[in-house]
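J.: Supplied structure: start-v6.tsv, TSV, C-alpha atoms.
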```tsv
chain	number	residue	atom	x	y	z
Y	1386	MET	CA	66.39	107.46	72.76
Y	1387	SER	CA	70.15	107.17	73.26
Y	1388	ASP	CA	71.78	106.06	76.52
Y	1389	ALA	CA	72.94	109.62	77.15
Y	1390	GLU	CA	69.32	110.79	77.03
Y	1391	ALA	CA	67.86	107.98	79.18
Y	1392	PRO	CA	66.28	109.15	82.44
Y	1393	GLN	CA	68.14	108.52	85.68
Y	1394	PRO	CA	66.65	105.38	87.34
Y	1395	ALA	CA	65.17	105.74	90.82
Y	1396	CYS	CA	66.17	103.74	93.88
Y	1397	PHE	CA	63.89	100.68	94.09
Y	1398	LEU	CA	63.56	101.10	97.87
Y	1399	HIS	CA	63.27	104.91	97.87
Y	1400	PRO	CA	61.62	106.01	94.60
Y	1401	GLY	CA	62.22	109.66	95.45
Y	1402	ARG	CA	66.01	109.22	95.35
Y	1403	PRO	CA	68.18	108.67	92.25
Y	1404	GLY	CA	69.59	105.17	91.85
Y	1405	LEU	CA	73.26	106.07	91.43
Y	1406	LEU	CA	74.47	102.51	92.08
Y	1407	ARG	CA	73.33	99.03	91.04
Y	1408	CYS	CA	73.30	95.92	93.18
Y	1409	SER	CA	76.07	93.57	92.05
Y	1410	ARG	CA	73.70	90.58	92.44
Y	1411	CYS	CA	70.19	91.63	91.35
Y	1412	GLU	CA	71.32	94.73	89.41
Y	1413	ARG	CA	68.46	96.85	90.73
Y	1414	PRO	CA	69.22	100.59	91.07
Y	1415	MET	CA	69.69	101.88	94.61
Y	1416	CYS	CA	70.74	105.05	96.38
Y	1417	GLY	CA	73.97	105.44	98.33
Y	1418	ALA	CA	72.20	105.13	101.70
Y	1419	ASP	CA	71.04	101.59	100.83
Y	1420	ALA	CA	74.25	100.38	99.20
Y	1421	ILE	CA	76.11	97.81	101.29
Y	1422	GLU	CA	79.77	97.10	100.60
Y	1423	ALA	CA	80.37	93.56	99.34
Y	1424	PRO	CA	83.53	91.66	98.31
Y	1425	VAL	CA	82.73	92.69	94.74
Y	1426	GLY	CA	80.87	95.95	94.27
Y	1427	TYR	CA	77.83	96.85	96.40
Y	1428	GLN	CA	74.63	94.98	97.25
Y	1429	CYS	CA	71.15	96.06	98.18
Y	1430	PRO	CA	69.87	95.22	101.71
Y	1431	GLU	CA	67.77	92.30	100.41
Y	1432	CYS	CA	70.65	90.58	98.62
Y	1433	ALA	CA	73.03	91.27	101.49
Y	1434	GLN	CA	70.85	89.47	104.07
Y	1435	GLY	CA	72.69	86.43	105.36
Y	1436	ALA	CA	75.92	87.44	103.64
Y	1437	ILE	CA	79.23	88.29	105.31
Y	1438	PRO	CA	78.70	91.35	107.52
Y	1439	ALA	CA	79.56	94.51	105.63
Y	1440	ARG	CA	79.25	98.23	106.06
Y	1441	ARG	CA	76.84	100.71	104.50
Y	1442	LEU	CA	78.37	103.59	102.57
Y	1443	ARG	CA	76.98	106.06	105.10
Y	1444	ASP	CA	78.74	104.15	107.89
Y	1445	LEU	CA	82.21	104.57	106.32
Y	1446	ARG	CA	83.66	107.20	108.61
Y	1447	ALA	CA	87.39	106.46	108.45
Y	1448	ASP	CA	89.47	109.22	109.92
Y	1449	PRO	CA	90.82	111.17	106.88
Y	1450	ARG	CA	94.21	111.64	108.54
Y	1451	VAL	CA	96.19	112.01	105.29
Y	1452	THR	CA	93.78	114.70	104.12
Y	1453	GLN	CA	94.19	116.46	107.46
Y	1454	VAL	CA	97.99	116.30	107.25
Y	1455	LEU	CA	97.95	117.67	103.71
Y	1456	LEU	CA	95.65	120.52	104.69
Y	1457	GLY	CA	97.83	121.33	107.69
Y	1458	ALA	CA	100.97	121.39	105.54
Y	1459	ILE	CA	99.34	123.63	102.94
Y	1460	LEU	CA	98.14	126.11	105.55
Y	1461	VAL	CA	101.48	126.20	107.37
Y	1462	VAL	CA	103.35	126.79	104.11
Y	1463	PHE	CA	100.89	129.53	103.19
Y	1464	LEU	CA	101.54	131.32	106.48
Y	1465	LEU	CA	105.30	130.97	105.99
Y	1466	SER	CA	105.00	132.34	102.46
Y	1467	GLN	CA	103.57	135.55	103.83
Y	1468	VAL	CA	106.94	136.13	105.52
Y	1469	GLU	CA	109.39	134.60	103.02
Y	1470	ARG	CA	107.35	134.74	99.83
Y	1471	SER	CA	110.08	135.39	97.26
Y	1472	THR	CA	112.47	132.80	98.74
Y	1473	LEU	CA	109.86	130.05	98.92
Y	1474	PHE	CA	108.38	130.75	95.49
Y	1475	ASN	CA	111.75	130.92	93.74
Y	1476	THR	CA	113.04	127.75	95.43
Y	1477	PHE	CA	109.95	125.54	95.63
Y	1478	GLY	CA	107.55	126.96	93.04
Y	1479	LEU	CA	107.47	125.23	89.65
Y	1480	VAL	CA	109.74	127.03	87.15
Y	1481	PRO	CA	110.13	124.85	84.02
Y	1482	TYR	CA	113.57	126.21	83.18
Y	1483	MET	CA	114.86	125.50	86.71
Y	1484	VAL	CA	113.53	121.95	86.60
Y	1485	GLY	CA	115.79	121.50	83.59
Y	1486	ASP	CA	118.68	122.61	85.84
Y	1487	GLY	CA	117.91	119.72	88.21
Y	1488	ALA	CA	115.30	121.24	90.55
Y	1489	TRP	CA	113.13	118.12	90.27
Y	1490	TRP	CA	111.58	118.65	93.71
Y	1491	GLN	CA	109.59	121.57	92.31
Y	1492	LEU	CA	107.36	119.01	90.59
Y	1493	VAL	CA	105.99	118.17	94.06
Y	1494	THR	CA	106.70	121.14	96.34
Y	1495	SER	CA	104.93	123.64	94.07
Y	1496	GLY	CA	101.66	121.98	95.05
Y	1497	PHE	CA	101.99	123.26	98.63
Y	1498	LEU	CA	102.42	126.95	97.70
Y	1499	HIS	CA	99.56	129.33	96.94
Y	1500	ALA	CA	99.40	132.81	95.51
Y	1501	ASN	CA	96.79	134.37	97.82
Y	1502	LEU	CA	94.11	133.68	100.42
Y	1503	MET	CA	91.36	132.96	97.87
Y	1504	HIS	CA	93.64	130.52	96.05
Y	1505	VAL	CA	94.49	128.52	99.16
Y	1506	ALA	CA	90.92	128.64	100.52
Y	1507	PHE	CA	89.41	127.30	97.30
Y	1508	ASN	CA	91.86	124.41	97.07
Y	1509	ALA	CA	91.61	123.63	100.79
Y	1510	ILE	CA	87.81	123.35	100.67
Y	1511	LEU	CA	87.88	121.04	97.65
Y	1512	LEU	CA	90.69	118.96	99.14
Y	1513	TRP	CA	88.75	118.49	102.37
Y	1514	ARG	CA	85.50	117.45	100.68
Y	1515	LEU	CA	87.08	115.16	98.09
Y	1516	GLY	CA	89.68	113.77	100.48
Y	1517	GLU	CA	87.07	112.91	103.09
Y	1518	MET	CA	85.15	110.96	100.45
Y	1519	LEU	CA	88.02	109.16	98.70
Y	1520	GLU	CA	90.28	108.41	101.66
Y	1521	SER	CA	87.51	106.43	103.36
Y	1522	VAL	CA	87.29	104.19	100.28
Y	1523	LEU	CA	90.97	103.98	99.30
Y	1524	GLY	CA	92.55	103.94	102.73
Y	1525	HIS	CA	95.35	106.19	103.89
Y	1526	THR	CA	98.24	104.73	101.87
Y	1527	ARG	CA	96.46	104.53	98.54
Y	1528	PHE	CA	94.95	107.97	98.96
Y	1529	ALA	CA	98.40	109.44	99.62
Y	1530	ALA	CA	99.69	107.69	96.48
Y	1531	LEU	CA	96.83	109.14	94.44
Y	1532	TYR	CA	97.52	112.64	95.74
Y	1533	VAL	CA	101.24	112.52	94.94
Y	1534	LEU	CA	100.48	111.11	91.48
Y	1535	GLY	CA	98.13	114.05	90.94
Y	1536	LEU	CA	100.79	116.55	92.03
Y	1537	VAL	CA	103.32	115.18	89.56
Y	1538	GLY	CA	100.74	114.79	86.79
Y	1539	GLY	CA	99.72	118.42	87.14
Y	1540	SER	CA	103.36	119.54	87.07
Y	1541	ALA	CA	103.99	117.45	83.95
Y	1542	GLY	CA	101.05	119.23	82.31
Y	1543	VAL	CA	102.60	122.61	83.16
Y	1544	LEU	CA	105.93	121.57	81.67
Y	1545	LEU	CA	104.29	120.20	78.54
Y	1546	LEU	CA	102.54	123.50	77.83
Y	1547	ALA	CA	105.72	125.43	78.62
Y	1548	TRP	CA	107.47	123.35	75.97
Y	1549	ALA	CA	104.59	123.94	73.53
Y	1550	THR	CA	104.91	127.70	74.11
Y	1551	VAL	CA	108.55	127.81	72.97
Y	1552	GLY	CA	108.82	124.69	70.82
Y	1553	THR	CA	105.70	124.90	68.65
Y	1554	PRO	CA	103.74	127.64	66.83
Y	1555	LEU	CA	101.26	127.67	69.76
Y	1556	GLY	CA	103.01	130.56	71.48
Y	1557	SER	CA	102.79	132.74	68.39
Y	1558	ILE	CA	99.01	132.38	67.99
Y	1559	PRO	CA	97.28	135.51	69.36
Y	1560	LEU	CA	95.29	134.88	72.56
Y	1561	LEU	CA	95.58	131.08	72.24
Y	1562	GLY	CA	99.24	131.01	73.13
Y	1563	SER	CA	98.81	133.31	76.12
Y	1564	ALA	CA	95.72	131.46	77.33
Y	1565	LEU	CA	97.13	127.93	77.15
Y	1566	GLY	CA	100.86	128.41	77.31
Y	1567	THR	CA	103.12	128.74	80.32
Y	1568	HIS	CA	106.33	130.67	79.93
Y	1569	PRO	CA	109.38	128.57	80.90
Y	1570	LEU	CA	110.55	131.25	83.34
Y	1571	SER	CA	107.20	131.82	85.07
Y	1572	VAL	CA	106.36	130.35	88.48
Y	1573	THR	CA	103.38	128.02	88.88
Y	1574	VAL	CA	102.05	127.19	92.35
Y	1575	GLY	CA	98.99	125.57	93.89
Y	1576	ALA	CA	97.41	122.25	94.84
Y	1577	SER	CA	94.92	122.52	91.98
Y	1578	GLY	CA	96.59	119.75	89.97
Y	1579	ALA	CA	96.23	117.31	92.87
Y	1580	VAL	CA	92.67	118.47	93.57
Y	1581	PHE	CA	91.77	117.91	89.92
Y	1582	ALA	CA	93.33	114.45	90.26
Y	1583	LEU	CA	90.94	113.67	93.11
Y	1584	MET	CA	88.02	114.76	90.92
Y	1585	GLY	CA	89.36	112.62	88.08
Y	1586	ALA	CA	89.68	109.60	90.38
Y	1587	ALA	CA	86.09	110.05	91.57
Y	1588	VAL	CA	84.90	110.19	87.94
Y	1589	ALA	CA	86.86	107.02	87.08
Y	1590	GLY	CA	85.52	105.21	90.15
Y	1591	MET	CA	81.91	106.06	89.26
Y	1592	ARG	CA	82.34	104.90	85.69
Y	1593	ASP	CA	83.77	101.57	86.86
Y	1594	ARG	CA	80.66	101.09	89.00
Y	1595	GLY	CA	78.25	101.80	86.19
Y	1596	VAL	CA	77.39	105.32	87.33
Y	1597	ASN	CA	77.26	108.18	84.85
Y	1598	PRO	CA	79.52	110.73	86.61
Y	1599	TRP	CA	78.30	113.61	84.45
Y	1600	ARG	CA	74.88	113.36	86.06
Y	1601	THR	CA	76.26	113.69	89.57
Y	1602	ASP	CA	77.61	116.56	91.64
Y	1603	ILE	CA	81.17	115.38	90.91
Y	1604	GLY	CA	80.63	115.63	87.17
Y	1605	THR	CA	79.16	119.10	87.53
Y	1606	LEU	CA	82.13	120.13	89.69
Y	1607	VAL	CA	84.64	118.88	87.10
Y	1608	LEU	CA	82.90	120.60	84.17
Y	1609	LEU	CA	82.48	123.87	86.06
Y	1610	ASN	CA	86.14	123.96	87.07
Y	1611	LEU	CA	87.28	123.12	83.55
Y	1612	VAL	CA	85.21	126.00	82.16
Y	1613	LEU	CA	86.73	128.37	84.74
Y	1614	THR	CA	90.19	127.06	83.90
Y	1615	PHE	CA	89.90	128.22	80.31
Y	1616	LEU	CA	87.96	131.41	80.97
Y	1617	ILE	CA	89.85	133.02	83.86
Y	1618	PRO	CA	93.31	134.42	83.00
Y	1619	GLY	CA	96.25	133.29	85.10
Y	1620	ILE	CA	94.93	129.79	85.87
Y	1621	SER	CA	97.27	126.91	85.03
Y	1622	VAL	CA	95.58	125.03	82.19
Y	1623	GLY	CA	98.36	122.46	82.05
Y	1624	GLY	CA	98.27	121.88	85.79
Y	1625	HIS	CA	94.52	121.34	85.88
Y	1626	VAL	CA	94.23	119.14	82.80
Y	1627	GLY	CA	97.39	117.19	83.66
Y	1628	GLY	CA	96.13	116.56	87.19
Y	1629	LEU	CA	92.70	115.50	85.93
Y	1630	LEU	CA	94.17	112.94	83.53
Y	1631	ALA	CA	96.59	111.63	86.17
Y	1632	GLY	CA	93.68	111.26	88.60
Y	1633	MET	CA	91.58	109.35	86.10
Y	1634	LEU	CA	94.48	106.97	85.52
Y	1635	GLY	CA	95.16	106.65	89.24
Y	1636	GLY	CA	91.47	106.14	89.96
Y	1637	ARG	CA	91.23	103.29	87.48
Y	1638	LEU	CA	94.23	101.69	89.15
Y	1639	LEU	CA	93.45	102.31	92.82
Y	1640	LEU	CA	89.64	102.19	92.96
Y	1641	ARG	CA	88.94	99.18	90.75
Y	1642	ARG	CA	89.99	96.66	93.42
Y	1643	PRO	CA	89.89	98.39	96.81
Y	1644	ASP	CA	90.10	94.99	98.53
Y	1645	ALA	CA	93.21	93.88	96.60
Y	1646	PRO	CA	96.64	93.71	98.33
Y	1647	THR	CA	98.15	97.16	98.63
Y	1648	TRP	CA	101.78	96.53	97.70
Y	1649	PRO	CA	101.30	95.54	94.01
Y	1650	VAL	CA	99.11	98.59	93.43
Y	1651	LEU	CA	101.63	100.85	95.14
Y	1652	ALA	CA	104.43	99.30	93.07
Y	1653	VAL	CA	102.62	100.21	89.86
Y	1654	THR	CA	101.89	103.68	91.27
Y	1655	ALA	CA	105.59	104.13	92.09
Y	1656	VAL	CA	106.47	103.23	88.51
Y	1657	LEU	CA	103.97	105.80	87.20
Y	1658	PHE	CA	105.43	108.37	89.59
Y	1659	ALA	CA	108.97	107.67	88.38
Y	1660	VAL	CA	107.85	107.85	84.75
Y	1661	SER	CA	106.16	111.19	85.41
Y	1662	ILE	CA	109.30	112.58	87.07
Y	1663	GLY	CA	111.42	111.34	84.19
Y	1664	LEU	CA	109.00	112.80	81.65
Y	1665	GLY	CA	109.05	116.13	83.46
Y	1666	LEU	CA	112.83	116.27	83.55
Y	1667	GLY	CA	113.03	115.32	79.89
Y	1668	ILE	CA	110.59	118.05	78.86
Y	1669	ALA	CA	112.39	120.60	81.05
Y	1670	GLY	CA	115.71	119.69	79.46
Y	1671	THR	CA	114.20	120.18	76.01
Y	1672	ILE	CA	112.91	123.61	77.08
Y	1673	GLN	CA	116.41	124.64	78.13
Y	1674	ARG	CA	117.83	123.66	74.78
Y	1675	LEU	CA	115.16	125.68	72.97
Y	1676	LEU	CA	115.88	128.89	74.88
```
Written as structure tokens, how would this file's structure read?
T.:
Amino acid sequence: MSDAEAPQPACFLHPGRPGLLRCSRCERPMCGADAIEAPVGYQCPECAQGAIPARRLRDLRADPRVTQVLLGAILVVFLLSQVERSTLFNTFGLVPYMVGDGAWWQLVTSGFLHANLMHVAFNAILLWRLGEMLESVLGHTRFAALYVLGLVGGSAGVLLLAWATVGTPLGSIPLLGSALGTHPLSVTVGASGAVFALMGAAVAGMRDRGVNPWRTDIGTLVLLNLVLTFLIPGISVGGHVGGLLAGMLGGRLLLRRPDAPTWPVLAVTAVLFAVSIGLGLGIAGTIQRLL
């Protein structure tokens, strides 16, 4: 039997629960309720006895203030867009051709605009659930860095597909071009790229801890949303896939050593952010020359 087909181990203390984590000392499988944070990884209650006091996963209840601020900003912008929709969308929505004219801010601001109530509600719910989980592990500063990296990564994905639509034979392929491509003059909005980045970071964090993410609720959520991305017309394929990849990269960087000093990690994140902005501007400039 291959590893992919192996049954999910049970928690050694609670056989009725799946052992999603392994003790960093004895390597026995354990459930999240029994996992105790240690300087390196997590330990079971038996191995943690007599060690430096630590916190159980279920006791991590850090106030997700960055998540709350982001949700508040998204909802306020949505209300404003009901009054000044055309102005906000044309100025702050992501239009690949306009980015080539120097509207670089659209790479970030487009993530705070939403097309309709269902769009904003779906993203807000996912942001709240994922943000509450990840911010308590990453801390406020690193979580904010991950979110911004996801915004820019999703926008870069949109620009890349816009370039493929006009610069490669992709746009001329029936159905495929319309399903995957983004026209350089169309407006793309939504926090989906950043939300996909949070899902990607959660997947990367689980893999680093020896957990198969595709057997968890997070893995199911990612796969379901990817299927919907390709099946439902009008959804930004580039934004979702770009955000997911950016989140996986950010998760590997930010979640691998949550106890490490913050400033070196943020410095690397800032470099990745600058590279993403530069990449986006370069692609947008190429799109302008092709039109």
J.: (111.0, 123.8, 95.4) in this file's frame - what residues fall within 12 Å of it? Use all atoms listed in the file and give the answer as a list in words.
T.: Val1462, Ser1471, Thr1472, Leu1473, Phe1474, Asn1475, Thr1476, Phe1477, Gly1478, Leu1479, Val1480, Pro1481, Met1483, Val1484, Gly1487, Ala1488, Trp1489, Trp1490, Gln1491, Leu1492, Val1493, Thr1494, Ser1495, Gly1496, Phe1497, Leu1498, Val1572, Thr1573 and Val1574 of chain Y
J.: Find, counting all atoms listed in the file, the residue in Y:Gly1485, Y:Gly1624, Y:Leu1519, Y:Leu1639 that gets nearest to Gly1670 of chain Y.
T.: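 Looking only at the distances to Gly1670 of chain Y, the closest residue turns out to be Y:Gly1485.
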J.: Grab the atom CA of Gly1585 of chain Y to atom CA of Leu1629 of chain Y distance for me, in Å with one decimal place.
T.: 4.9 Å
J.: List the spatial neighbours of segment 1512-1515 of chain Y as a list in words - criterion: any atom at most 10 Å away, only C-alpha atoms, same-chain residues fewer than 4 positions off excluded.
T.: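 In the requested format, the answer is Pro1449, Thr1452, Gln1453, Leu1455, Leu1456, Ala1506, Phe1507, Asn1508, Leu1519, Glu1520, Tyr1532, Ala1576, Ser1577, Ala1579, Val1580, Phe1581, Leu1583, Met1584, Ala1586, Ala1587 and Ile1603 of chain Y.
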J.: Residues near His1499 of chain Y, anyone? I mean within 7 Å using only C-alpha atoms, not counting same-chain ones fewer than 5 positions away, as a PyMOL selection string.
T.: chain Y and resi 1463+1504-1505+1574-1575
J.: Can those selected residues be exported to a file as a PDB file, in the coordinates of the input so that it contains C-alpha atoms?
T.:
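Output (out-v1.pdb):
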```pdb
ATOM      1  CA  PHE Y1463     100.890 129.530 103.190  1.00  0.00           C
ATOM      2  CA  HIS Y1504      93.640 130.520  96.050  1.00  0.00           C
ATOM      3  CA  VAL Y1505      94.490 128.520  99.160  1.00  0.00           C
ATOM      4  CA  VAL Y1574     102.050 127.190  92.350  1.00  0.00           C
ATOM      5  CA  GLY Y1575      98.990 125.570  93.890  1.00  0.00           C
TER       6      GLY Y1575
END
```
J.: Go through Y:Val1461, Y:Trp1599, Y:Leu1546, Y:Phe1615 and flag the residue nearest Ser1571 of chain Y, using all atoms listed in the file for the distances.
T.: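 So, comparing all the options, the nearest one is Y:Leu1546.
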J.: Contacts of Thr1671 of chain Y at 10 Å or less, counting all atoms listed in the file, minus same-chain residues fewer than 2 places along, as number ranges by chain?
T.: Y: 1482, 1485, 1548, 1551-1552, 1665-1669, 1673-1676
J.: State, in Å with one decimal place, the distance from atom CA of Asp1419 of chain Y to atom CA of Asn1597 of chain Y.
T.: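 We find that atom CA of Asp1419 of chain Y and atom CA of Asn1597 of chain Y lie 18.4 Å from each other.
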J.: Go through Y:Glu1422, Y:Leu1534, Y:Leu1611, Y:Arg1637 one by one, measure the shortest atom-to-atom distance of each to Leu1657 of chain Y using only C-alpha atoms, and give the residue with the smallest value.
T.: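 Smallest separation from Leu1657 of chain Y among the options: Y:Leu1534.
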J.: Would you please work out which residue, of Y:Arg1641, Y:Ser1521, Y:Val1656, Y:Thr1567, is nearest to Asp1593 of chain Y when using all atoms listed in the file?
T.: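 The answer is Y:Arg1641, which sits nearest to Asp1593 of chain Y.
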J.: Given 4 Å of margin on each side, can you work out the centre and size in Å (one decimal) of an axis-aligned box holding every listed atom of segment 1492-1498 of chain Y, as lines of an AutoDock Vina configuration file?
T.:
```
center_x = 104.5
center_y = 122.6
center_z = 94.6
size_x = 13.7
size_y = 16.8
size_z = 16.0
```
